[in-house]
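Raw query12.cif, mmCIF, C-alpha atoms and all ligand atoms:
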data_data
loop_
_atom_site.group_PDB
_atom_site.id
_atom_site.type_symbol
_atom_site.label_atom_id
_atom_site.label_comp_id
_atom_site.auth_asym_id
_atom_site.auth_seq_id
_atom_site.Cartn_x
_atom_site.Cartn_y
_atom_site.Cartn_z
ATOM 1 C CA MET A 1 284.030 346.886 192.295
ATOM 2 C CA ASN A 2 287.339 348.704 192.236
ATOM 3 C CA GLU A 3 290.117 346.709 193.950
ATOM 4 C CA ALA A 4 291.515 349.900 195.450
ATOM 5 C CA GLY A 5 288.045 351.091 196.489
ATOM 6 C CA ALA A 6 286.762 351.707 199.981
ATOM 7 C CA ASN A 7 284.921 348.361 199.915
ATOM 8 C CA VAL A 8 288.073 346.283 200.279
ATOM 9 C CA LYS A 9 287.936 346.444 204.102
ATOM 10 C CA VAL A 10 284.268 345.474 204.354
ATOM 11 C CA PRO A 11 284.009 341.886 205.670
ATOM 12 C CA VAL A 12 282.476 339.372 203.273
ATOM 13 C CA VAL A 13 280.485 338.021 206.237
ATOM 14 C CA ALA A 14 279.790 339.904 209.476
ATOM 15 C CA ALA A 15 277.569 338.189 212.054
ATOM 16 C CA ARG A 16 276.592 339.773 215.367
ATOM 17 C CA ASP A 17 274.663 337.888 218.081
ATOM 18 C CA LEU A 18 273.047 335.683 215.468
ATOM 19 C CA THR A 19 270.358 333.322 216.728
ATOM 20 C CA LYS A 20 268.101 330.848 214.966
ATOM 21 C CA SER A 21 265.252 328.998 216.631
ATOM 22 C CA TYR A 22 262.824 326.555 215.085
ATOM 23 C CA GLN A 23 259.386 325.957 216.540
ATOM 24 C CA LEU A 24 258.523 322.252 216.571
ATOM 25 C CA GLY A 25 254.990 322.103 217.952
ATOM 26 C CA GLU A 26 255.257 323.242 221.587
ATOM 27 C CA GLN A 27 259.019 322.982 221.614
ATOM 28 C CA ALA A 28 261.555 325.567 220.500
ATOM 29 C CA VAL A 29 264.818 324.242 219.041
ATOM 30 C CA HIS A 30 267.641 326.723 219.503
ATOM 31 C CA ALA A 31 269.911 325.851 216.577
ATOM 32 C CA LEU A 32 272.084 328.988 216.925
ATOM 33 C CA ARG A 33 272.447 330.684 220.318
ATOM 34 C CA GLY A 34 274.187 333.965 219.546
ATOM 35 C CA VAL A 35 277.200 333.744 217.257
ATOM 36 C CA SER A 36 279.428 336.652 216.294
ATOM 37 C CA PHE A 37 282.322 336.590 213.833
ATOM 38 C CA GLU A 38 283.740 338.277 210.750
ATOM 39 C CA ILE A 39 285.143 336.670 207.631
ATOM 40 C CA HIS A 40 287.275 338.797 205.343
ATOM 41 C CA ARG A 41 288.109 338.630 201.670
ATOM 42 C CA GLY A 42 290.695 335.961 200.891
ATOM 43 C CA GLU A 43 290.055 333.809 203.971
ATOM 44 C CA PHE A 44 289.636 330.019 203.849
ATOM 45 C CA VAL A 45 287.531 329.012 206.870
ATOM 46 C CA ALA A 46 286.583 325.517 208.031
ATOM 47 C CA ILE A 47 283.526 325.112 210.273
ATOM 48 C CA MET A 48 283.610 321.972 212.431
ATOM 49 C CA GLY A 49 281.329 320.585 215.098
ATOM 50 C CA PRO A 50 279.296 317.552 216.138
ATOM 51 C CA SER A 51 276.119 316.509 214.350
ATOM 52 C CA GLY A 52 273.268 318.855 215.266
ATOM 53 C CA SER A 53 275.578 321.627 216.504
ATOM 54 C CA GLY A 54 274.232 324.170 213.991
ATOM 55 C CA LYS A 55 276.751 324.094 211.125
ATOM 56 C CA SER A 56 274.231 323.754 208.309
ATOM 57 C CA THR A 57 271.933 326.262 209.987
ATOM 58 C CA LEU A 58 274.807 328.740 210.015
ATOM 59 C CA MET A 59 275.671 328.008 206.372
ATOM 60 C CA ASN A 60 272.006 328.498 205.418
ATOM 61 C CA MET A 61 272.076 331.956 207.036
ATOM 62 C CA ILE A 62 275.340 332.944 205.336
ATOM 63 C CA GLY A 63 273.964 331.647 202.037
ATOM 64 C CA ALA A 64 270.771 333.713 202.410
ATOM 65 C CA LEU A 65 268.738 330.496 202.183
ATOM 66 C CA ASP A 66 267.146 331.255 205.542
ATOM 67 C CA VAL A 67 266.856 334.300 207.802
ATOM 68 C CA PRO A 68 268.054 334.620 211.414
ATOM 69 C CA THR A 69 265.604 334.809 214.337
ATOM 70 C CA SER A 70 267.587 337.685 215.849
ATOM 71 C CA GLY A 71 270.935 339.396 215.503
ATOM 72 C CA GLU A 72 272.539 341.009 212.495
ATOM 73 C CA LEU A 73 274.074 339.442 209.416
ATOM 74 C CA LYS A 74 275.828 341.428 206.714
ATOM 75 C CA ILE A 75 276.987 339.841 203.471
ATOM 76 C CA ASP A 76 279.388 342.031 201.503
ATOM 77 C CA GLY A 77 278.307 344.910 203.725
ATOM 78 C CA VAL A 78 274.580 344.420 203.056
ATOM 79 C CA ASP A 79 272.297 343.757 206.052
ATOM 80 C CA ILE A 80 270.209 340.820 204.829
ATOM 81 C CA ALA A 81 267.269 341.901 207.026
ATOM 82 C CA THR A 82 266.791 344.843 204.652
ATOM 83 C CA LEU A 83 266.328 342.627 201.579
ATOM 84 C CA ASP A 84 263.038 341.322 200.168
ATOM 85 C CA ARG A 85 262.625 337.862 198.603
ATOM 86 C CA ASP A 86 263.795 338.920 195.144
ATOM 87 C CA GLN A 87 266.798 340.752 196.535
ATOM 88 C CA LEU A 88 267.742 337.695 198.623
ATOM 89 C CA ALA A 89 267.516 335.545 195.483
ATOM 90 C CA GLY A 90 269.711 338.068 193.678
ATOM 91 C CA LEU A 91 272.251 337.928 196.499
ATOM 92 C CA ARG A 92 272.331 334.112 196.266
ATOM 93 C CA ASN A 93 272.836 334.203 192.508
ATOM 94 C CA HIS A 94 275.467 336.909 192.293
ATOM 95 C CA THR A 95 277.381 336.909 195.543
ATOM 96 C CA ILE A 96 277.502 333.278 196.667
ATOM 97 C CA GLY A 97 278.655 330.080 194.991
ATOM 98 C CA PHE A 98 277.257 326.900 196.575
ATOM 99 C CA VAL A 99 278.986 323.514 196.623
ATOM 100 C CA PHE A 100 277.193 320.497 198.152
ATOM 101 C CA GLN A 101 278.167 317.035 199.344
ATOM 102 C CA GLN A 102 276.075 315.337 196.627
ATOM 103 C CA PHE A 103 277.173 317.722 193.818
ATOM 104 C CA ASN A 104 273.509 318.547 192.897
ATOM 105 C CA LEU A 105 274.101 318.471 189.128
ATOM 106 C CA LEU A 106 271.293 318.016 186.602
ATOM 107 C CA ALA A 107 271.583 314.363 185.532
ATOM 108 C CA ARG A 108 270.724 314.529 181.830
ATOM 109 C CA THR A 109 272.610 317.729 181.244
ATOM 110 C CA THR A 110 276.185 318.108 180.010
ATOM 111 C CA ALA A 111 278.912 319.570 182.193
ATOM 112 C CA LEU A 112 278.893 322.677 180.002
ATOM 113 C CA ASP A 113 275.140 323.210 180.347
ATOM 114 C CA ASN A 114 275.252 322.564 184.110
ATOM 115 C CA VAL A 115 277.861 325.304 184.473
ATOM 116 C CA LYS A 116 275.942 327.652 182.149
ATOM 117 C CA LEU A 117 272.727 327.323 184.157
ATOM 118 C CA PRO A 118 273.300 330.081 186.783
ATOM 119 C CA LEU A 119 274.004 332.521 183.937
ATOM 120 C CA THR A 120 270.441 332.024 182.710
ATOM 121 C CA TYR A 121 269.260 334.091 185.702
ATOM 122 C CA ALA A 122 272.165 336.544 185.689
ATOM 123 C CA MET A 123 271.340 340.238 185.343
ATOM 124 C CA PRO A 124 272.510 341.807 183.137
ATOM 125 C CA ARG A 125 272.517 338.864 180.750
ATOM 126 C CA PRO A 126 276.164 338.073 179.828
ATOM 127 C CA ALA A 127 277.052 338.440 176.158
ATOM 128 C CA ASP A 128 278.661 335.016 175.847
ATOM 129 C CA PRO A 129 277.532 332.585 178.603
ATOM 130 C CA GLU A 130 279.024 329.626 176.750
ATOM 131 C CA ALA A 131 282.522 331.136 176.737
ATOM 132 C CA MET A 132 282.230 331.936 180.456
ATOM 133 C CA ALA A 133 281.195 328.349 181.274
ATOM 134 C CA ARG A 134 284.015 326.908 179.122
ATOM 135 C CA GLN A 135 286.553 329.114 180.853
ATOM 136 C CA ARG A 136 285.410 327.922 184.316
ATOM 137 C CA LEU A 137 285.501 324.246 183.269
ATOM 138 C CA GLU A 138 289.039 324.760 181.974
ATOM 139 C CA GLN A 139 289.946 326.452 185.263
ATOM 140 C CA VAL A 140 288.914 323.317 187.219
ATOM 141 C CA GLY A 141 290.760 321.023 184.797
ATOM 142 C CA LEU A 142 287.764 319.687 182.880
ATOM 143 C CA GLY A 143 288.393 321.240 179.486
ATOM 144 C CA SER A 144 288.199 317.830 177.833
ATOM 145 C CA ARG A 145 284.970 316.695 179.538
ATOM 146 C CA MET A 146 282.551 319.508 178.724
ATOM 147 C CA ASP A 147 280.128 317.377 176.735
ATOM 148 C CA HIS A 148 279.905 314.571 179.291
ATOM 149 C CA VAL A 149 276.790 314.117 181.426
ATOM 150 C CA PRO A 150 277.282 313.459 185.185
ATOM 151 C CA SER A 151 276.961 309.635 184.880
ATOM 152 C CA GLN A 152 279.955 309.704 182.507
ATOM 153 C CA LEU A 153 282.091 311.516 185.089
ATOM 154 C CA SER A 154 283.809 310.317 188.277
ATOM 155 C CA GLY A 155 282.706 311.706 191.650
ATOM 156 C CA GLY A 156 285.683 314.044 191.765
ATOM 157 C CA GLN A 157 284.987 315.261 188.232
ATOM 158 C CA GLN A 158 281.324 315.851 189.115
ATOM 159 C CA GLN A 159 282.409 317.918 192.117
ATOM 160 C CA ARG A 160 284.707 319.925 189.800
ATOM 161 C CA VAL A 161 281.729 320.654 187.542
ATOM 162 C CA ALA A 162 279.800 321.806 190.633
ATOM 163 C CA ILE A 163 282.710 324.069 191.607
ATOM 164 C CA ALA A 164 282.879 325.514 188.076
ATOM 165 C CA ARG A 165 279.129 326.176 188.331
ATOM 166 C CA ALA A 166 279.644 327.869 191.711
ATOM 167 C CA LEU A 167 282.320 330.125 190.170
ATOM 168 C CA VAL A 168 280.587 331.104 186.954
ATOM 169 C CA ASN A 169 278.808 334.183 188.342
ATOM 170 C CA ASN A 170 282.026 335.532 189.868
ATOM 171 C CA PRO A 171 280.843 335.228 193.481
ATOM 172 C CA SER A 172 282.359 336.988 196.495
ATOM 173 C CA LEU A 173 282.470 333.715 198.392
ATOM 174 C CA ILE A 174 282.172 329.956 197.989
ATOM 175 C CA LEU A 175 280.079 328.072 200.578
ATOM 176 C CA ALA A 176 280.792 324.353 200.668
ATOM 177 C CA ASP A 177 278.837 322.024 203.029
ATOM 178 C CA GLU A 178 280.815 318.750 203.379
ATOM 179 C CA PRO A 179 282.219 319.041 199.820
ATOM 180 C CA THR A 180 284.388 315.931 200.209
ATOM 181 C CA GLY A 181 281.817 313.894 202.173
ATOM 182 C CA ALA A 182 280.971 311.677 199.185
ATOM 183 C CA LEU A 183 284.544 311.260 197.897
ATOM 184 C CA ASP A 184 287.378 308.847 198.674
ATOM 185 C CA SER A 185 290.464 310.286 200.354
ATOM 186 C CA ALA A 186 292.607 310.691 197.200
ATOM 187 C CA THR A 187 289.778 312.468 195.363
ATOM 188 C CA SER A 188 289.028 314.566 198.449
ATOM 189 C CA LEU A 189 292.601 315.778 198.409
ATOM 190 C CA GLU A 190 292.255 316.846 194.755
ATOM 191 C CA ILE A 191 289.141 318.848 195.571
ATOM 192 C CA LEU A 192 290.786 320.424 198.637
ATOM 193 C CA ASN A 193 293.782 321.372 196.506
ATOM 194 C CA LEU A 194 291.413 322.988 194.024
ATOM 195 C CA PHE A 195 289.819 325.052 196.826
ATOM 196 C CA LYS A 196 293.307 326.018 198.003
ATOM 197 C CA ALA A 197 294.278 327.128 194.484
ATOM 198 C CA LEU A 198 291.089 329.194 194.174
ATOM 199 C CA ASN A 199 291.770 330.699 197.602
ATOM 200 C CA ALA A 200 295.344 331.523 196.569
ATOM 201 C CA GLN A 201 293.819 333.450 193.640
ATOM 202 C CA GLY A 202 291.779 335.489 196.130
ATOM 203 C CA MET A 203 288.509 333.553 196.460
ATOM 204 C CA THR A 204 286.954 333.472 199.931
ATOM 205 C CA VAL A 205 286.009 329.906 200.901
ATOM 206 C CA ILE A 206 283.863 328.689 203.831
ATOM 207 C CA MET A 207 283.669 324.925 204.217
ATOM 208 C CA VAL A 208 281.804 322.683 206.671
ATOM 209 C CA THR A 209 283.461 319.402 207.523
ATOM 210 C CA HIS A 210 283.388 316.628 210.143
ATOM 211 C CA GLU A 211 287.031 315.754 209.650
ATOM 212 C CA LEU A 212 290.054 317.428 211.166
ATOM 213 C CA ASP A 213 292.147 316.229 208.210
ATOM 214 C CA VAL A 214 289.868 318.116 205.840
ATOM 215 C CA ALA A 215 289.719 321.212 208.068
ATOM 216 C CA SER A 216 293.524 321.259 208.197
ATOM 217 C CA HIS A 217 293.580 322.421 204.549
ATOM 218 C CA ALA A 218 291.823 325.669 205.484
ATOM 219 C CA LYS A 219 293.547 328.651 207.143
ATOM 220 C CA ARG A 220 291.136 329.258 209.995
ATOM 221 C CA LEU A 221 288.949 326.978 212.087
ATOM 222 C CA LEU A 222 285.611 327.844 213.680
ATOM 223 C CA ARG A 223 284.384 325.153 216.065
ATOM 224 C CA VAL A 224 280.660 325.081 216.763
ATOM 225 C CA ARG A 225 279.002 323.297 219.676
ATOM 226 C CA ASP A 226 275.351 323.542 220.798
ATOM 227 C CA GLY A 227 274.734 326.521 218.544
ATOM 228 C CA GLN A 228 277.711 328.541 219.740
ATOM 229 C CA ILE A 229 281.231 329.183 218.492
ATOM 230 C CA VAL A 230 283.525 327.587 221.057
ATOM 231 C CA GLU A 231 286.828 328.041 219.229
ATOM 232 C CA ASP A 232 288.155 330.401 216.550
ATOM 233 C CA ARG A 233 291.786 329.810 215.675
ATOM 234 C CA PRO A 234 294.318 329.599 212.851
ATOM 235 C CA VAL A 235 294.645 326.114 211.367
ATOM 236 C CA HIS A 236 298.423 326.319 211.571
ATOM 237 C CA GLY A 237 299.651 323.654 214.000
ATOM 238 C CA LEU A 238 296.228 322.022 214.319
ATOM 239 C CA LEU A 239 297.144 318.476 213.268
ATOM 240 C CA GLU A 240 300.347 318.428 215.296
ATOM 241 C CA GLU A 241 298.484 319.530 218.452
ATOM 242 C CA SER A 242 295.669 317.013 217.967
ATOM 243 C CA ALA A 243 298.238 314.196 217.640
ATOM 244 C CA THR A 244 299.728 314.916 221.075
HETATM 245 N N1 LIG A 301 263.960 322.999 209.836
HETATM 246 C C1 LIG A 301 264.211 322.645 211.089
HETATM 247 N N2 LIG A 301 263.219 322.524 211.997
HETATM 248 C C2 LIG A 301 263.472 322.176 213.271
HETATM 249 N N3 LIG A 301 264.701 321.947 213.760
HETATM 250 C C3 LIG A 301 265.731 322.053 212.916
HETATM 251 C C4 LIG A 301 265.551 322.394 211.544
HETATM 252 N N4 LIG A 301 266.782 322.417 210.946
HETATM 253 C C5 LIG A 301 267.670 322.101 211.906
HETATM 254 N N5 LIG A 301 267.043 321.887 213.092
HETATM 255 C C6 LIG A 301 267.706 321.546 214.380
HETATM 256 O O1 LIG A 301 268.702 322.514 214.625
HETATM 257 C C7 LIG A 301 269.876 321.920 215.162
HETATM 258 C C8 LIG A 301 271.068 322.200 214.263
HETATM 259 O O2 LIG A 301 270.912 321.514 213.025
HETATM 260 P P1 LIG A 301 271.988 321.607 211.834
HETATM 261 O O3 LIG A 301 271.375 320.947 210.642
HETATM 262 O O4 LIG A 301 272.418 323.012 211.685
HETATM 263 O O5 LIG A 301 273.179 320.731 212.420
HETATM 264 P P2 LIG A 301 274.584 320.338 211.740
HETATM 265 O O6 LIG A 301 275.647 320.846 212.644
HETATM 266 O O7 LIG A 301 274.614 320.768 210.331
HETATM 267 O O8 LIG A 301 274.543 318.739 211.836
HETATM 268 P P3 LIG A 301 275.141 317.635 210.813
HETATM 269 O O9 LIG A 301 276.599 317.538 211.096
HETATM 270 O O10 LIG A 301 274.419 316.382 211.244
HETATM 271 O O11 LIG A 301 274.835 318.036 209.416
HETATM 272 C C9 LIG A 301 269.551 320.445 215.314
HETATM 273 O O12 LIG A 301 269.134 320.208 216.629
HETATM 274 C C10 LIG A 301 268.424 320.218 214.344
HETATM 275 O O13 LIG A 301 267.614 319.157 214.765
HETATM 276 MG MG MG A 302 274.693 319.723 208.468
#

Using structure tokens, write down the structure from this file.
Amino acid sequence: MNEAGANVKVPVVAARDLTKSYQLGEQAVHALRGVSFEIHRGEFVAIMGPSGSGKSTLMNMIGALDVPTSGELKIDGVDIATLDRDQLAGLRNHTIGFVFQQFNLLARTTALDNVKLPLTYAMPRPADPEAMARQRLEQVGLGSRMDHVPSQLSGGQQQRVAIARALVNNPSLILADEPTGALDSATSLEILNLFKALNAQGMTVIMVTHELDVASHAKRLLRVRDGQIVEDRPVHGLLEESAT
């Protein structure tokens, strides 16, 4: 994609009147009740809200892991309703990098091989997957730990491996659901600083969190309650206002 091309203005995520309902026996659970928003290239967005408010449901839609009940969702300008299963899988592999609370690394596999894994499914097959994985591990500060398996790494280092893995296919956006939820506060700060550095280099980041402290590292805050967006604001000034 040409940086100067017409695509630059297309939002990375555009949601319009998005709803998601689950049928549990007789009962319908309305997890999302009509949300509309746009996220543009280079944004760093935190999604906050109480347990059960629909944050993970929303992330699953944006990550093309699940489809909306109604409404429209475009990822990088592509309406996901027009994609079949294989195309959705392709979108997940090429366009989105996932980071999870529990890292989700393969246990008996080295950092290098964990990061290389998404390239196994990449089309076209990259000429030198190993070099690409090494470069991403160096980017997250793990150049000296490539041959370690997860049990030989700290929690923060494991999350760095997961972030390197999320980056290896050159995604348009990183989706992180509670990425610091399993880390102590000092390590959380390191991971948040890494996201900030990636964002400063142009990466779009969307992060779910329960904590205002964590959200305060993003640039924009979306607050979700009962399946709706109840607040959409810049993060600037957030902590100061909440302290008063
Ligand atoms: N597969 C499912 N089947 C039925 N109901 C579901 C399903 N997934 C989620 N829900 C319901 O949808 C609502 C939103 O759930 P969601 O997981 O998105 O919440 P959340 O904001 O991520 O909560 P948490 O902070 O606890 O992770 C909840 O009421 C939940 O019980
Ligand atoms: Mg959740």

Neighbourhood of ligand MG 302 (chain A) at 8 Å, counting all atoms listed in the file, reported as JSON, numbers by chain: {"A": [51, 52, 54, 55, 56, 57, 177, 208]}

Hey, can you spit out that residue selection with C-alpha atoms as a PDB file, in the coordinates of the input?
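Below is the file that was written, result01.pdb:
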ATOM      1  CA  SER A  51     276.119 316.509 214.350  1.00  0.00           C
ATOM      2  CA  GLY A  52     273.268 318.855 215.266  1.00  0.00           C
ATOM      3  CA  GLY A  54     274.232 324.170 213.991  1.00  0.00           C
ATOM      4  CA  LYS A  55     276.751 324.094 211.125  1.00  0.00           C
ATOM      5  CA  SER A  56     274.231 323.754 208.309  1.00  0.00           C
ATOM      6  CA  THR A  57     271.933 326.262 209.987  1.00  0.00           C
ATOM      7  CA  ASP A 177     278.837 322.024 203.029  1.00  0.00           C
ATOM      8  CA  VAL A 208     281.804 322.683 206.671  1.00  0.00           C
TER       9      VAL A 208
END

TODO: Could you tell me which residues the PyMOL selection byres (((chain A and resi 194) around 12) and not hetatm) grabs in this file, written as a ChimeraX atom specification?
DONE: /A:139-141,156-157,159-161,163-164,179-180,187-193,195-201,203,205,217-218

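Here the question is which of A:Thr209, A:Ser216, A:Thr244, A:Gln102 gets nearest to Pro50 (chain A) using all atoms listed in the file, and that residue is A:Thr209.
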
Selection within 10 Å of ligand LIG 301 (chain A) by all atoms listed in the file, output as a PyMOL selection string
chain A and resi 20-25+27-32+47-60+66+177-178+208-210+224-227

Pairwise distance, CA of Gly34 (chain A) with CA of Gln87 (chain A), equals 25.1 Å

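The spacing separating CA of Leu175 (chain A) from CA of Gly63 (chain A) amounts to 7.2 Å.
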
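Residue nearest Gly202 (chain A) within the list A:Val115, A:Arg41, A:Met61, A:Ile75: A:Arg41 [criterion: smallest interatomic distance, all atoms listed in the file].
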
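Between CA of Ala14 (chain A) and CA of Arg33 (chain A) the separation is 16.0 Å.
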
Test item: the PyMOL selection byres (((chain A and resi 68) around 6) and not hetatm) resolved as a CSV table (one decimal) with C-alpha atoms, in the frame of the given file:
chain,number,residue,atom,x,y,z
A,19,THR,CA,270.4,333.3,216.7
A,20,LYS,CA,268.1,330.8,215.0
A,67,VAL,CA,266.9,334.3,207.8
A,69,THR,CA,265.6,334.8,214.3
A,70,SER,CA,267.6,337.7,215.8

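With only C-alpha atoms as the atoms that count, the minimum distance from Phe37 (chain A) to the choices A:Asn104, A:Met207, A:Val235, A:Arg16 is reached by A:Arg16.
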
Spell out the residues picked by the PyMOL selection byres (((chain A and resi 116) around 8) and not hetatm) here, as an NGL selection string.
-> :A and (112-115 or 117-120 or 129-130 or 132-133 or 165 or 168)

Those residues you just picked out, can you put them in a file as a PDB file, keeping the file's coordinate frame with C-alpha atoms?
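Result file follows (part-v9.pdb):
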ATOM      1  CA  LEU A 112     278.893 322.677 180.002  1.00  0.00           C
ATOM      2  CA  ASP A 113     275.140 323.210 180.347  1.00  0.00           C
ATOM      3  CA  ASN A 114     275.252 322.564 184.110  1.00  0.00           C
ATOM      4  CA  VAL A 115     277.861 325.304 184.473  1.00  0.00           C
ATOM      5  CA  LEU A 117     272.727 327.323 184.157  1.00  0.00           C
ATOM      6  CA  PRO A 118     273.300 330.081 186.783  1.00  0.00           C
ATOM      7  CA  LEU A 119     274.004 332.521 183.937  1.00  0.00           C
ATOM      8  CA  THR A 120     270.441 332.024 182.710  1.00  0.00           C
ATOM      9  CA  PRO A 129     277.532 332.585 178.603  1.00  0.00           C
ATOM     10  CA  GLU A 130     279.024 329.626 176.750  1.00  0.00           C
ATOM     11  CA  MET A 132     282.230 331.936 180.456  1.00  0.00           C
ATOM     12  CA  ALA A 133     281.195 328.349 181.274  1.00  0.00           C
ATOM     13  CA  ARG A 165     279.129 326.176 188.331  1.00  0.00           C
ATOM     14  CA  VAL A 168     280.587 331.104 186.954  1.00  0.00           C
TER      15      VAL A 168
END

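Among the candidates A:Leu73, A:Ile39, A:Leu142, A:Ala186, the residue lying nearest to Arg220 (chain A) is A:Ile39 (atoms considered: all atoms listed in the file).
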
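Closest approach to Leu212 (chain A) among A:Gln152, A:Lys9, A:His94, A:Ala46 is made by A:Ala46 (distances from only C-alpha atoms).
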
Which residues come within 8 Å of Val12 (chain A), counting only C-alpha atoms, excluding same-chain residues fewer than 3 positions away, as a ChimeraX atom specification?
/A:38-41,74-77,172-173
